[in-house]
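File shown: run30.txt (compact mmCIF, C-alpha atoms and all ligand atoms).
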# COMPACT_ATOMS: atom_id res chain seq x y z
CA MET A 1008 53.25 -47.59 -24.47
CA PRO A 1009 49.87 -46.34 -23.18
CA ARG A 1010 47.51 -49.17 -22.22
CA PRO A 1011 44.08 -49.49 -23.81
CA ILE A 1012 41.34 -47.90 -21.71
CA PRO A 1013 38.30 -49.96 -20.67
CA PRO A 1014 35.04 -48.84 -22.36
CA LYS A 1015 32.33 -47.06 -20.37
CA PRO A 1016 30.20 -49.95 -19.04
CA ARG A 1017 26.46 -50.20 -19.67
CA ARG A 1018 25.79 -52.48 -16.73
CA ALA A 1019 27.03 -51.94 -13.20
CA ARG A 1020 28.88 -54.70 -11.41
CA GLN A 1021 31.34 -54.94 -8.51
CA LEU A 1022 34.70 -56.09 -9.90
CA LEU A 1023 36.98 -55.78 -6.87
CA PRO A 1024 36.77 -58.32 -4.03
CA LYS A 1025 36.20 -56.62 -0.70
CA GLU A 1026 39.70 -57.55 0.47
CA CYS A 1027 41.01 -54.91 -1.94
CA TYR A 1028 39.53 -52.31 0.43
CA PHE A 1029 41.46 -53.33 3.55
CA SER A 1030 44.23 -55.81 2.75
CA PRO A 1031 47.71 -54.39 3.54
CA GLU A 1032 49.16 -56.58 0.75
CA TRP A 1033 46.80 -55.11 -1.85
CA PHE A 1034 47.52 -51.63 -0.54
CA GLU A 1035 51.23 -52.21 -1.05
CA ARG A 1036 50.58 -53.45 -4.56
CA GLU A 1037 48.59 -50.28 -5.33
CA HIS A 1038 51.55 -48.18 -4.24
CA ALA A 1039 54.00 -50.27 -6.26
CA GLU A 1040 51.92 -50.83 -9.41
CA LEU A 1041 49.62 -47.78 -9.58
CA PHE A 1042 50.77 -44.77 -7.53
CA SER A 1043 54.42 -45.20 -8.55
CA ARG A 1044 53.38 -44.09 -12.06
CA ALA A 1045 50.24 -42.05 -11.41
CA TRP A 1046 49.57 -38.40 -12.17
CA THR A 1047 48.41 -36.56 -9.05
CA PHE A 1048 47.30 -32.98 -8.40
CA ALA A 1049 50.15 -31.19 -6.62
CA CYS A 1050 49.57 -27.43 -6.54
CA VAL A 1051 48.39 -24.52 -8.68
CA ALA A 1052 50.23 -22.16 -11.01
CA GLN A 1053 49.47 -19.25 -8.66
CA ASP A 1054 51.62 -20.94 -5.98
CA LEU A 1055 54.68 -20.39 -8.21
CA PRO A 1056 54.48 -16.95 -9.83
CA GLU A 1057 58.24 -16.18 -10.19
CA PRO A 1058 61.23 -18.10 -11.58
CA GLY A 1059 62.78 -20.13 -8.76
CA ASP A 1060 59.55 -20.29 -6.75
CA TYR A 1061 59.09 -23.76 -5.34
CA LYS A 1062 56.53 -25.73 -3.40
CA ALA A 1063 57.21 -28.98 -1.52
CA VAL A 1064 54.34 -31.41 -1.97
CA GLN A 1065 53.62 -34.88 -0.66
CA VAL A 1066 52.39 -36.99 -3.57
CA ASN A 1067 51.15 -40.31 -2.27
CA ARG A 1068 54.42 -41.75 -0.87
CA TYR A 1069 56.69 -39.38 -2.73
CA ALA A 1070 57.92 -36.11 -1.26
CA MET A 1071 58.43 -33.89 -4.31
CA ILE A 1072 59.28 -30.31 -5.22
CA VAL A 1073 57.65 -28.32 -8.01
CA VAL A 1074 59.76 -25.40 -9.26
CA ARG A 1075 59.05 -22.57 -11.69
CA ALA A 1076 61.85 -22.44 -14.26
CA LYS A 1077 63.47 -19.29 -15.72
CA ASP A 1078 61.58 -19.73 -18.98
CA GLY A 1079 58.24 -19.95 -17.15
CA GLY A 1080 58.05 -23.75 -17.47
CA LEU A 1081 57.76 -26.14 -14.56
CA ASN A 1082 60.11 -28.75 -13.14
CA ALA A 1083 59.38 -31.54 -10.67
CA PHE A 1084 62.09 -33.14 -8.55
CA HIS A 1085 62.04 -35.66 -5.76
CA ASN A 1086 62.58 -33.96 -2.44
CA THR A 1087 65.40 -36.24 -1.32
CA CYS A 1088 69.06 -35.30 -1.31
CA ARG A 1089 71.48 -37.47 -3.26
CA HIS A 1090 74.05 -37.42 -0.44
CA ARG A 1091 72.34 -39.22 2.44
CA GLY A 1092 68.80 -38.89 1.22
CA THR A 1093 67.51 -36.27 3.65
CA GLN A 1094 64.25 -34.55 2.75
CA ILE A 1095 65.45 -31.13 1.65
CA TYR A 1096 62.33 -28.99 2.18
CA GLU A 1097 59.71 -29.57 4.87
CA ASP A 1098 56.30 -30.82 3.75
CA GLY A 1099 54.27 -27.95 2.32
CA ALA A 1100 57.20 -25.51 2.37
CA SER A 1101 57.37 -22.84 -0.29
CA GLY A 1102 59.86 -20.14 -1.17
CA ASN A 1103 62.35 -19.23 -3.86
CA CYS A 1104 65.38 -21.35 -4.78
CA ARG A 1105 66.72 -19.46 -7.82
CA HIS A 1106 70.16 -19.41 -6.18
CA GLY A 1107 70.10 -23.18 -5.71
CA VAL A 1108 68.26 -25.99 -3.98
CA VAL A 1109 70.37 -26.37 -0.85
CA CYS A 1110 70.12 -29.42 1.40
CA PRO A 1111 70.16 -28.23 5.03
CA TYR A 1112 72.21 -31.21 6.24
CA HIS A 1113 75.60 -30.77 4.51
CA ALA A 1114 74.77 -28.03 2.00
CA TRP A 1115 74.89 -30.04 -1.20
CA THR A 1116 73.46 -27.61 -3.75
CA TYR A 1117 71.43 -28.40 -6.86
CA SER A 1118 70.27 -26.39 -9.86
CA PRO A 1119 66.56 -25.43 -9.81
CA GLU A 1120 66.58 -25.64 -13.61
CA ASP A 1121 67.64 -29.23 -14.15
CA GLY A 1122 68.40 -30.63 -10.70
CA ALA A 1123 72.14 -30.99 -11.45
CA LEU A 1124 74.43 -31.14 -8.43
CA ARG A 1125 76.31 -27.85 -8.63
CA GLY A 1126 78.55 -28.09 -5.63
CA LEU A 1127 79.23 -29.45 -2.18
CA PRO A 1128 81.44 -28.31 0.69
CA LYS A 1129 85.01 -29.64 1.03
CA LYS A 1130 84.80 -31.53 -2.21
CA ALA A 1131 88.53 -31.91 -2.83
CA LEU A 1132 89.11 -33.14 0.71
CA ALA A 1133 86.11 -35.39 1.29
CA PHE A 1134 84.89 -36.47 -2.17
CA ALA A 1135 87.95 -36.37 -4.39
CA ASP A 1136 86.59 -38.92 -6.88
CA LEU A 1137 82.94 -37.85 -6.94
CA ARG A 1138 81.66 -36.63 -10.31
CA LEU A 1139 79.01 -33.94 -9.86
CA GLU A 1140 77.21 -35.05 -13.01
CA ASP A 1141 76.49 -38.46 -11.48
CA TRP A 1142 74.38 -37.08 -8.63
CA PRO A 1143 71.50 -34.89 -9.86
CA LEU A 1144 68.19 -34.73 -8.02
CA HIS A 1145 65.80 -37.42 -9.26
CA ARG A 1146 63.35 -35.86 -11.69
CA GLY A 1147 59.61 -36.43 -11.81
CA GLY A 1148 57.04 -35.68 -14.49
CA VAL A 1149 55.00 -32.47 -14.46
CA GLY A 1150 51.98 -31.24 -16.42
CA ARG A 1151 49.44 -28.45 -16.25
CA ILE A 1152 45.77 -28.19 -17.11
CA GLY A 1153 44.09 -24.84 -16.48
CA ASP A 1154 45.73 -23.57 -13.31
CA LEU A 1155 46.24 -27.06 -11.86
CA ILE A 1156 49.70 -28.64 -11.77
CA PHE A 1157 50.01 -32.42 -11.68
CA VAL A 1158 53.14 -34.42 -11.00
CA ASN A 1159 54.21 -37.98 -11.62
CA PRO A 1160 56.95 -39.81 -9.65
CA ARG A 1161 58.41 -40.91 -13.00
CA GLU A 1162 60.10 -38.45 -15.29
CA THR A 1163 58.75 -40.23 -18.35
CA PRO A 1164 55.73 -42.29 -17.29
CA GLU A 1165 54.24 -44.74 -19.79
CA ASP A 1166 51.21 -42.41 -20.09
CA ASP A 1167 52.59 -38.93 -20.72
CA PHE A 1168 50.43 -36.11 -19.34
CA GLU A 1169 48.52 -35.41 -22.55
CA THR A 1170 47.82 -39.09 -23.17
CA TRP A 1171 46.58 -39.42 -19.61
CA LEU A 1172 44.32 -36.35 -19.98
CA GLY A 1173 42.66 -37.75 -23.10
CA SER A 1174 40.33 -35.23 -24.73
CA MET A 1175 39.80 -33.32 -21.47
CA ARG A 1176 41.14 -29.96 -22.64
CA LYS A 1177 39.00 -29.95 -25.77
CA THR A 1178 35.77 -31.48 -24.55
CA HIS A 1179 35.40 -31.06 -20.78
CA MET A 1180 37.42 -28.05 -19.66
CA TRP A 1181 36.22 -25.87 -16.80
CA PRO A 1182 35.85 -22.14 -17.47
CA HIS A 1183 37.22 -21.11 -14.06
CA SER A 1184 40.47 -19.17 -13.73
CA LEU A 1185 42.01 -18.81 -10.30
CA GLU A 1186 43.44 -15.41 -11.22
CA GLY A 1187 41.67 -12.84 -9.05
CA LEU A 1188 39.97 -15.43 -6.83
CA SER A 1189 40.86 -15.74 -3.17
CA GLU A 1190 41.78 -19.01 -1.57
CA LYS A 1191 40.08 -20.28 1.57
CA ARG A 1192 42.10 -22.07 4.22
CA PRO A 1193 42.95 -25.61 2.98
CA VAL A 1194 41.13 -28.45 4.73
CA ARG A 1195 42.25 -31.98 5.58
CA TYR A 1196 39.51 -34.53 6.15
CA ASP A 1197 41.02 -37.45 8.06
CA ILE A 1198 38.88 -40.39 6.95
CA LEU A 1199 38.91 -43.90 8.40
CA GLY A 1200 38.33 -45.52 5.05
CA ASN A 1201 40.30 -46.94 2.14
CA TRP A 1202 41.02 -44.33 -0.54
CA LYS A 1203 38.90 -46.26 -3.08
CA THR A 1204 35.93 -46.31 -0.70
CA PHE A 1205 36.08 -42.52 -0.80
CA CYS A 1206 36.60 -42.34 -4.60
CA GLU A 1207 33.68 -44.67 -5.24
CA ASN A 1208 31.43 -42.62 -3.02
CA ALA A 1209 32.50 -39.51 -4.93
CA MET A 1210 31.49 -41.21 -8.21
CA ASP A 1211 28.25 -42.74 -6.90
CA GLY A 1212 25.45 -40.66 -8.38
CA TYR A 1213 22.71 -42.79 -6.85
CA HIS A 1214 23.12 -41.51 -3.27
CA LEU A 1215 22.81 -37.79 -3.92
CA SER A 1216 19.10 -37.51 -3.17
CA TYR A 1217 19.17 -39.79 -0.11
CA LEU A 1218 22.33 -39.44 1.96
CA HIS A 1219 22.34 -35.75 1.07
CA ASP A 1220 18.60 -35.12 1.34
CA ARG A 1221 19.26 -32.03 3.45
CA THR A 1222 22.33 -30.67 1.67
CA LEU A 1223 22.75 -31.40 -2.04
CA MET A 1224 19.18 -32.70 -2.50
CA GLY A 1225 19.96 -34.56 -5.71
CA PRO A 1226 20.02 -34.58 -8.63
CA ASP A 1227 18.06 -37.83 -9.01
CA ILE A 1228 19.59 -40.46 -11.29
CA GLU A 1229 17.26 -39.60 -14.17
CA ASP A 1230 18.60 -36.04 -14.13
CA GLN A 1231 22.32 -36.79 -14.14
CA ASP A 1232 24.96 -38.16 -16.44
CA TRP A 1233 28.69 -38.84 -16.53
CA ASP A 1234 31.25 -38.99 -19.28
CA ALA A 1235 34.33 -41.18 -19.50
CA VAL A 1236 37.31 -39.07 -20.62
CA GLY A 1237 40.58 -40.99 -20.71
CA ARG A 1238 40.39 -42.88 -17.42
CA HIS A 1239 38.66 -39.93 -15.77
CA TRP A 1240 35.07 -39.60 -14.61
CA VAL A 1241 33.29 -36.33 -15.32
CA PHE A 1242 29.94 -35.61 -13.72
CA ILE A 1243 27.67 -33.63 -15.99
CA GLY A 1244 25.38 -31.05 -14.42
CA GLN A 1245 22.16 -29.78 -15.94
CA GLY A 1246 21.71 -26.23 -14.73
CA GLU A 1247 22.54 -25.53 -11.11
CA ASN A 1248 20.98 -26.20 -7.73
CA GLU A 1249 18.56 -23.39 -6.75
CA SER A 1250 20.15 -22.98 -3.34
CA ARG A 1251 23.38 -21.89 -4.99
CA ARG A 1252 21.64 -19.31 -7.09
CA ASP A 1253 20.24 -17.73 -3.93
CA SER A 1254 23.64 -17.63 -2.31
CA HIS A 1255 25.07 -14.37 -1.12
CA TYR A 1256 28.44 -15.35 -2.51
CA ALA A 1257 29.63 -13.52 -5.54
CA PRO A 1258 29.47 -15.49 -8.79
CA ILE A 1259 32.81 -16.28 -10.42
CA PRO A 1260 33.15 -14.28 -13.64
CA GLY A 1261 32.88 -16.21 -16.89
CA VAL A 1262 31.21 -19.28 -15.39
CA ASP A 1263 27.93 -20.20 -17.07
CA VAL A 1264 26.13 -23.11 -15.43
CA SER A 1265 22.74 -22.68 -17.06
CA GLY A 1266 22.93 -25.69 -19.42
CA ARG A 1267 24.60 -29.09 -19.62
CA HIS A 1268 28.12 -28.63 -18.24
CA PRO A 1269 30.86 -30.66 -16.55
CA ALA A 1270 30.77 -29.98 -12.79
CA VAL A 1271 32.88 -32.63 -11.02
CA TRP A 1272 36.05 -34.30 -12.26
CA GLN A 1273 37.58 -37.39 -10.71
CA PHE A 1274 41.02 -37.66 -12.30
CA PHE A 1275 42.23 -41.25 -12.20
CA PRO A 1276 43.31 -42.42 -9.77
CA ASN A 1277 42.97 -40.00 -6.86
CA SER A 1278 42.66 -36.31 -7.73
CA GLY A 1279 39.57 -34.26 -8.38
CA VAL A 1280 37.88 -30.96 -9.05
CA LEU A 1281 34.53 -29.66 -7.84
CA SER A 1282 33.19 -26.53 -9.45
CA SER A 1283 30.15 -24.30 -9.38
CA SER A 1284 29.25 -20.73 -10.19
CA ILE A 1285 30.57 -19.61 -6.78
CA PHE A 1286 33.51 -21.87 -5.94
CA PHE A 1287 36.28 -23.99 -7.43
CA SER A 1288 37.90 -26.78 -5.41
CA ALA A 1289 40.76 -29.13 -6.24
CA TYR A 1290 41.68 -32.10 -4.11
CA THR A 1291 43.60 -35.31 -3.67
CA ILE A 1292 42.56 -38.40 -1.79
CA ALA A 1293 45.83 -39.51 -0.23
CA PRO A 1294 46.10 -43.25 0.49
CA VAL A 1295 47.61 -43.09 3.98
CA GLU A 1296 46.94 -46.60 5.31
CA PRO A 1297 44.84 -49.50 4.01
CA GLU A 1298 41.88 -48.15 5.98
CA ARG A 1299 42.71 -44.46 6.19
CA CYS A 1300 42.82 -41.69 3.61
CA HIS A 1301 43.12 -37.93 3.70
CA LEU A 1302 40.98 -35.72 1.54
CA GLU A 1303 43.20 -32.65 1.00
CA LEU A 1304 40.94 -29.91 -0.30
CA ARG A 1305 41.75 -26.44 -1.58
CA THR A 1306 38.96 -24.00 -2.46
CA TRP A 1307 38.85 -20.65 -4.22
CA MET A 1308 36.01 -18.14 -4.33
CA ALA A 1309 35.42 -14.65 -5.63
CA PRO A 1310 36.83 -12.14 -3.14
CA ARG A 1311 34.47 -10.31 -0.81
CA GLU A 1312 33.57 -6.96 -2.18
CA ALA A 1313 34.39 -3.81 -0.23
CA GLY A 1314 31.54 -2.80 2.09
CA ASP A 1315 30.21 -6.35 1.97
CA ALA A 1316 31.92 -7.61 5.10
CA GLY A 1317 29.03 -7.31 7.51
CA ARG A 1318 26.50 -9.00 5.28
CA LYS A 1319 25.19 -12.37 6.35
CA ARG A 1320 26.32 -15.04 3.92
CA ALA A 1321 25.00 -18.46 3.11
CA ARG A 1322 27.57 -21.24 3.24
CA PRO A 1323 28.57 -22.98 0.04
CA SER A 1324 28.36 -26.74 0.46
CA GLY A 1325 31.63 -28.39 1.33
CA THR A 1326 33.34 -25.34 2.74
CA SER A 1327 31.30 -25.05 5.91
CA GLY A 1328 32.41 -23.69 9.26
CA HIS A 1329 33.17 -27.12 10.76
CA GLY A 1330 36.69 -28.02 11.66
CA HIS A 1331 38.05 -25.29 13.85
CA ILE A 1332 40.95 -27.52 14.79
CA MET A 1333 44.12 -26.44 12.97
CA LYS A 1334 46.95 -28.80 12.06
CA ASP A 1335 49.87 -28.02 9.70
CA GLY A 1336 48.24 -24.76 8.60
CA ARG A 1337 45.06 -26.50 7.51
CA ARG A 1338 41.64 -26.87 8.99
CA TYR A 1339 41.39 -30.43 10.22
CA ILE A 1340 38.17 -32.43 10.25
CA SER A 1341 37.60 -35.92 11.62
CA ILE A 1342 34.35 -37.59 12.56
CA ALA A 1343 35.63 -38.21 16.12
CA GLU A 1344 36.35 -34.53 16.68
CA LEU A 1345 33.18 -33.03 15.22
CA GLY A 1346 31.08 -30.99 17.60
CA CYS A 1347 27.87 -32.65 16.37
CA HIS A 1348 26.76 -35.85 14.66
CA ALA A 1349 28.07 -35.92 11.09
CA MET A 1350 24.55 -36.13 9.69
CA GLU A 1351 23.63 -32.97 11.61
CA SER A 1352 26.58 -31.04 10.18
CA LEU A 1353 24.67 -29.87 7.09
CA ASP A 1354 27.92 -30.27 5.16
CA PHE A 1355 27.78 -32.74 2.28
CA GLN A 1356 31.49 -33.48 2.51
CA ILE A 1357 31.11 -34.54 6.15
CA GLU A 1358 28.06 -36.63 5.26
CA ASP A 1359 30.19 -38.39 2.63
CA MET A 1360 33.02 -38.89 5.08
CA TRP A 1361 30.61 -40.44 7.57
CA VAL A 1362 29.10 -42.86 5.03
CA VAL A 1363 32.56 -43.85 3.77
CA GLU A 1364 33.50 -44.83 7.33
CA GLN A 1365 30.25 -46.80 7.66
CA GLN A 1366 31.02 -48.56 4.37
CA GLN A 1367 34.57 -49.28 5.46
CA LYS A 1368 33.47 -50.84 8.75
CA ALA A 1369 31.06 -53.09 6.84
CA PHE A 1370 33.90 -54.71 4.87
CA ARG A 1371 34.92 -56.44 8.12
CA HIS A 1372 31.50 -58.06 8.57
CA PRO A 1373 31.92 -61.75 7.65
CA LEU A 1374 28.57 -61.82 5.82
CA MET A 1375 29.07 -58.55 3.97
CA ARG A 1376 29.22 -58.83 0.18
CA THR A 1377 28.59 -56.05 -2.32
CA GLY A 1378 25.17 -56.74 -3.82
CA GLU A 1379 23.75 -55.48 -7.11
CA LEU A 1380 24.83 -52.03 -8.28
CA ALA A 1381 22.53 -49.49 -9.94
CA ASP A 1382 22.75 -49.44 -13.75
CA ARG A 1383 22.08 -45.72 -13.54
CA GLY A 1384 24.28 -43.95 -11.04
CA GLU A 1385 26.76 -46.73 -10.21
CA THR A 1386 28.25 -47.82 -13.55
CA SER A 1387 30.98 -45.33 -12.63
CA LEU A 1388 32.13 -47.70 -9.87
CA THR A 1389 32.50 -50.56 -12.34
CA TRP A 1390 34.55 -48.38 -14.65
CA PHE A 1391 36.79 -47.06 -11.86
CA GLN A 1392 37.42 -50.62 -10.68
CA ALA A 1393 38.21 -51.77 -14.23
CA ASN A 1394 40.83 -49.01 -14.42
CA ILE A 1395 42.32 -50.12 -11.09
CA LEU A 1396 42.49 -53.73 -12.33
CA ASP A 1397 44.30 -52.55 -15.45
CA HIS A 1398 47.15 -51.46 -13.19
CA VAL A 1399 46.84 -53.92 -10.31
CA PRO A 1400 45.48 -57.18 -11.74
CA LEU A 1401 43.84 -59.64 -9.37
CA GLU A 1402 46.17 -62.39 -10.53
CA GLY A 1403 49.22 -60.64 -9.08
CA PRO A 1404 51.09 -61.79 -5.98
CA ALA A 1405 48.86 -63.83 -3.68
CA LEU A 1406 46.25 -61.88 -1.75
CA PRO A 1407 45.00 -63.53 1.44
CA LEU A 1408 41.20 -63.68 1.08
CA ALA A 1409 38.83 -63.38 4.02
CA ALA A 1410 37.32 -66.69 5.14
CA GLU A 1411 34.03 -67.44 3.40
S1 LIG B 1 72.06 -35.35 3.19
FE1 LIG B 1 71.86 -33.65 1.93
S2 LIG B 1 73.78 -32.74 1.97
FE2 LIG B 1 74.01 -34.47 3.22
FE FE B 2 28.13 -37.67 -1.55

Could you render the structure from this file as structure tokens?
Amino acid sequence: MPRPIPPKPRRARQLLPKECYFSPEWFEREHAELFSRAWTFACVAQDLPEPGDYKAVQVNRYAMIVVRAKDGGLNAFHNTCRHRGTQIYEDGASGNCRHGVVCPYHAWTYSPEDGALRGLPKKALAFADLRLEDWPLHRGGVGRIGDLIFVNPRETPEDDFETWLGSMRKTHMWPHSLEGLSEKRPVRYDILGNWKTFCENAMDGYHLSYLHDRTLMGPDIEDQDWDAVGRHWVFIGQGENESRRDSHYAPIPGVDVSGRHPAVWQFFPNSGVLSSSIFFSAYTIAPVEPERCHLELRTWMAPREAGDAGRKRARPSGTSGHGHIMKDGRRYISIAELGCHAMESLDFQIEDMWVVEQQQKAFRHPLMRTGELADRGETSLTWFQANILDHVPLEGPALPLAAE
């Protein structure tokens, strides 16, 4: 049964004690009570064009596989063999498994259509009594909105995908299609902050004109709005920042940003979309440790036009040239390894990362308490926290509180 969704609050108020942002016990409860049944962005339809195409994705603590079925549908399985549990595909691996999902350890082989165990070597000799039908791959849930594919560790979560989306498809859909766009190199931001510290910063509309006074430059709180859709936060833009209009990047066809339009989506709990007339990004905020998260960001833009290669181009915000370090096929960015101070980077994403780390450090200050929140610009934090508390109530197993 889907749970009732908290209403959009009128007044802003901090609901979570600060211990929820660093306590290992609370972090474990979030994994057990929230992420074990959460929908999370996994990959895009363009990653899996042909039947049998698969992609191995890490979804919070779950290694999973998304597979394109023969009929064009999608399947999600857990990436752990039923024999001795080995992870079958390496993290991030992709390929085609139409002839079977084969574990590299002892070659147990599963169907890419339904995960059934099809065969194993030396069965008569070594596993005379084993019934193949008892050992299928564990299934997960899978859903698609636009080109984005989401997975759930549970095959039938209490909120099915459409229930979880709410009215999103009808009322707040983005016009972008990834068909024909080219993907930039994915980026991992390694952030020394709790995942919620990052999410709350992403939903804080009050800071845009101040922290980002040299990059985003607003909008001010009187010029912004957000909608509550299901448990998701949608930032509503009014026209588009002048600096983007002057950009040398090609506009994405079919994207009209002249009027009131959704521009940023924070899918509850930890996935999101950023969009503009020149780029489309999808991301997850992976909860790695109580005080560490990874922002995993993928970005698509219109391809460069022929003869355009030598032209000087402005940078779109958030996809700047920082992070020349490569790890696991991604650009890797951490505050410690930046070549300049974060606030000199002229990259709003790095400015956010820096302030999240400053916020995280503050939680350890014995006198630090969250003060008043802004009734314009920060009601989103109250709502996000109410949704967390719906899944992980404060009155759960004892949480050691910091000394007063
Ligand atoms: S662990 Fe996979 S076949 Fe043995
Ligand atoms: Fe920001």

For ligand LIG 1 (chain B), list the contacting residues at 8 Å or closer, counting all atoms listed in the file, as a list in words.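 Checking all atoms listed in the file against ligand LIG 1 (chain B) at 8 Å gives Thr1087, Cys1088, Arg1089, His1090, Arg1091, Gly1092, Thr1093, Gln1094, Ile1095, Val1109, Cys1110, Pro1111, Tyr1112, His1113, Ala1114, Trp1115, Thr1116 and Leu1127 of chain A.
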
Restrict the calculation to all atoms listed in the file, then for each residue of chain A with any atom at most 9 Å from an atom of ligand FE 2 (chain B) give the closest atom pair and their distance in Å to one decimal, rows by chain and rising residue number, as CSV.
residue,atom,partner,partner_atom,distance
A:Asn1208,CA,B:FE2,FE,6.1
A:Ala1209,CA,B:FE2,FE,5.8
A:Met1210,CA,B:FE2,FE,8.3
A:Asp1211,CA,B:FE2,FE,7.4
A:Gly1212,CA,B:FE2,FE,7.9
A:His1214,CA,B:FE2,FE,6.5
A:Leu1215,CA,B:FE2,FE,5.8
A:Leu1218,CA,B:FE2,FE,7.0
A:His1219,CA,B:FE2,FE,6.6
A:Leu1223,CA,B:FE2,FE,8.3
A:Phe1355,CA,B:FE2,FE,6.3
A:Gln1356,CA,B:FE2,FE,6.7
A:Ile1357,CA,B:FE2,FE,8.8
A:Glu1358,CA,B:FE2,FE,6.9
A:Asp1359,CA,B:FE2,FE,4.7
A:Met1360,CA,B:FE2,FE,8.3
A:Val1362,CA,B:FE2,FE,8.4

Residue subset to file, keeping C-alpha atoms, as a tab-separated table (two decimals), in the frame of the given file:
chain	number	residue	atom	x	y	z
A	1208	ASN	CA	31.43	-42.62	-3.02
A	1209	ALA	CA	32.50	-39.51	-4.93
A	1210	MET	CA	31.49	-41.21	-8.21
A	1211	ASP	CA	28.25	-42.74	-6.90
A	1212	GLY	CA	25.45	-40.66	-8.38
A	1214	HIS	CA	23.12	-41.51	-3.27
A	1215	LEU	CA	22.81	-37.79	-3.92
A	1218	LEU	CA	22.33	-39.44	1.96
A	1219	HIS	CA	22.34	-35.75	1.07
A	1223	LEU	CA	22.75	-31.40	-2.04
A	1355	PHE	CA	27.78	-32.74	2.28
A	1356	GLN	CA	31.49	-33.48	2.51
A	1357	ILE	CA	31.11	-34.54	6.15
A	1358	GLU	CA	28.06	-36.63	5.26
A	1359	ASP	CA	30.19	-38.39	2.63
A	1360	MET	CA	33.02	-38.89	5.08
A	1362	VAL	CA	29.10	-42.86	5.03

For the contact check between segment 1071-1121 of chain A and segment 1161-1178 of chain A, emit one row per residue of segment 1071-1121 of chain A within 10 Å, containing the shortest atom pair and the distance in Å rounded to one decimal, counting all atoms listed in the file, chain then rising number order, as CSV.
residue,atom,partner,partner_atom,distance
A:Asn1082,CA,A:Glu1162,CA,9.9
A:Ala1083,CA,A:Glu1162,CA,8.3
A:Phe1084,CA,A:Glu1162,CA,8.8
A:His1085,CA,A:Arg1161,CA,9.7

For the selection you just gave me, I'd like the residues written to a file as a JSON list (two decimals), in the coordinates of the input, keeping C-alpha atoms.
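What follows is the written file again.json:
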[["chain", "number", "residue", "atom", "x", "y", "z"],
["A", 1082, "ASN", "CA", 60.11, -28.75, -13.14],
["A", 1083, "ALA", "CA", 59.38, -31.54, -10.67],
["A", 1084, "PHE", "CA", 62.09, -33.14, -8.55],
["A", 1085, "HIS", "CA", 62.04, -35.66, -5.76]]

A straight line from atom CA of Ser1387 of chain A to atom CA of Ile1012 of chain A spans 14.0 Å

For each of A:Asp1060, A:Glu1312, A:Glu1035, A:Glu1385, take the minimum atom-to-atom distance to Trp1233 of chain A, counting all atoms listed in the file, then give the residue where this is smallest.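 Counting all atoms listed in the file, the residue closest to Trp1233 of chain A is A:Glu1385.
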
Skipping near chain neighbours, those fewer than 5 positions away, what residues fall within 8 Å of segment 1299-1302 of chain A using all atoms listed in the file, listed as a PyMOL selection string? chain A and resi 1194-1202+1290-1294

Distance query 9 Å from (62.2, -24.8, -1.4) using only C-alpha atoms, result as a PyMOL selection string: chain A and resi 1059-1063+1072-1074+1095-1097+1100-1104+1108-1109

List every residue of segment 1121-1219 of chain A that has an atom at most 12 Å from any atom of segment 1016-1023 of chain A, and for each one report the closest atom pair and its distance in Å to one decimal, counting all atoms listed in the file, with rows sorted by chain and then by increasing residue number, as a tab-separated table.
residue	atom	partner	partner_atom	distance
A:Lys1203	CA	A:Leu1023	CA	10.4
A:Thr1204	CA	A:Leu1023	CA	11.4
A:Glu1207	CA	A:Gln1021	CA	11.0
A:Asp1211	CA	A:Ala1019	CA	11.2
A:Tyr1213	CA	A:Ala1019	CA	11.9
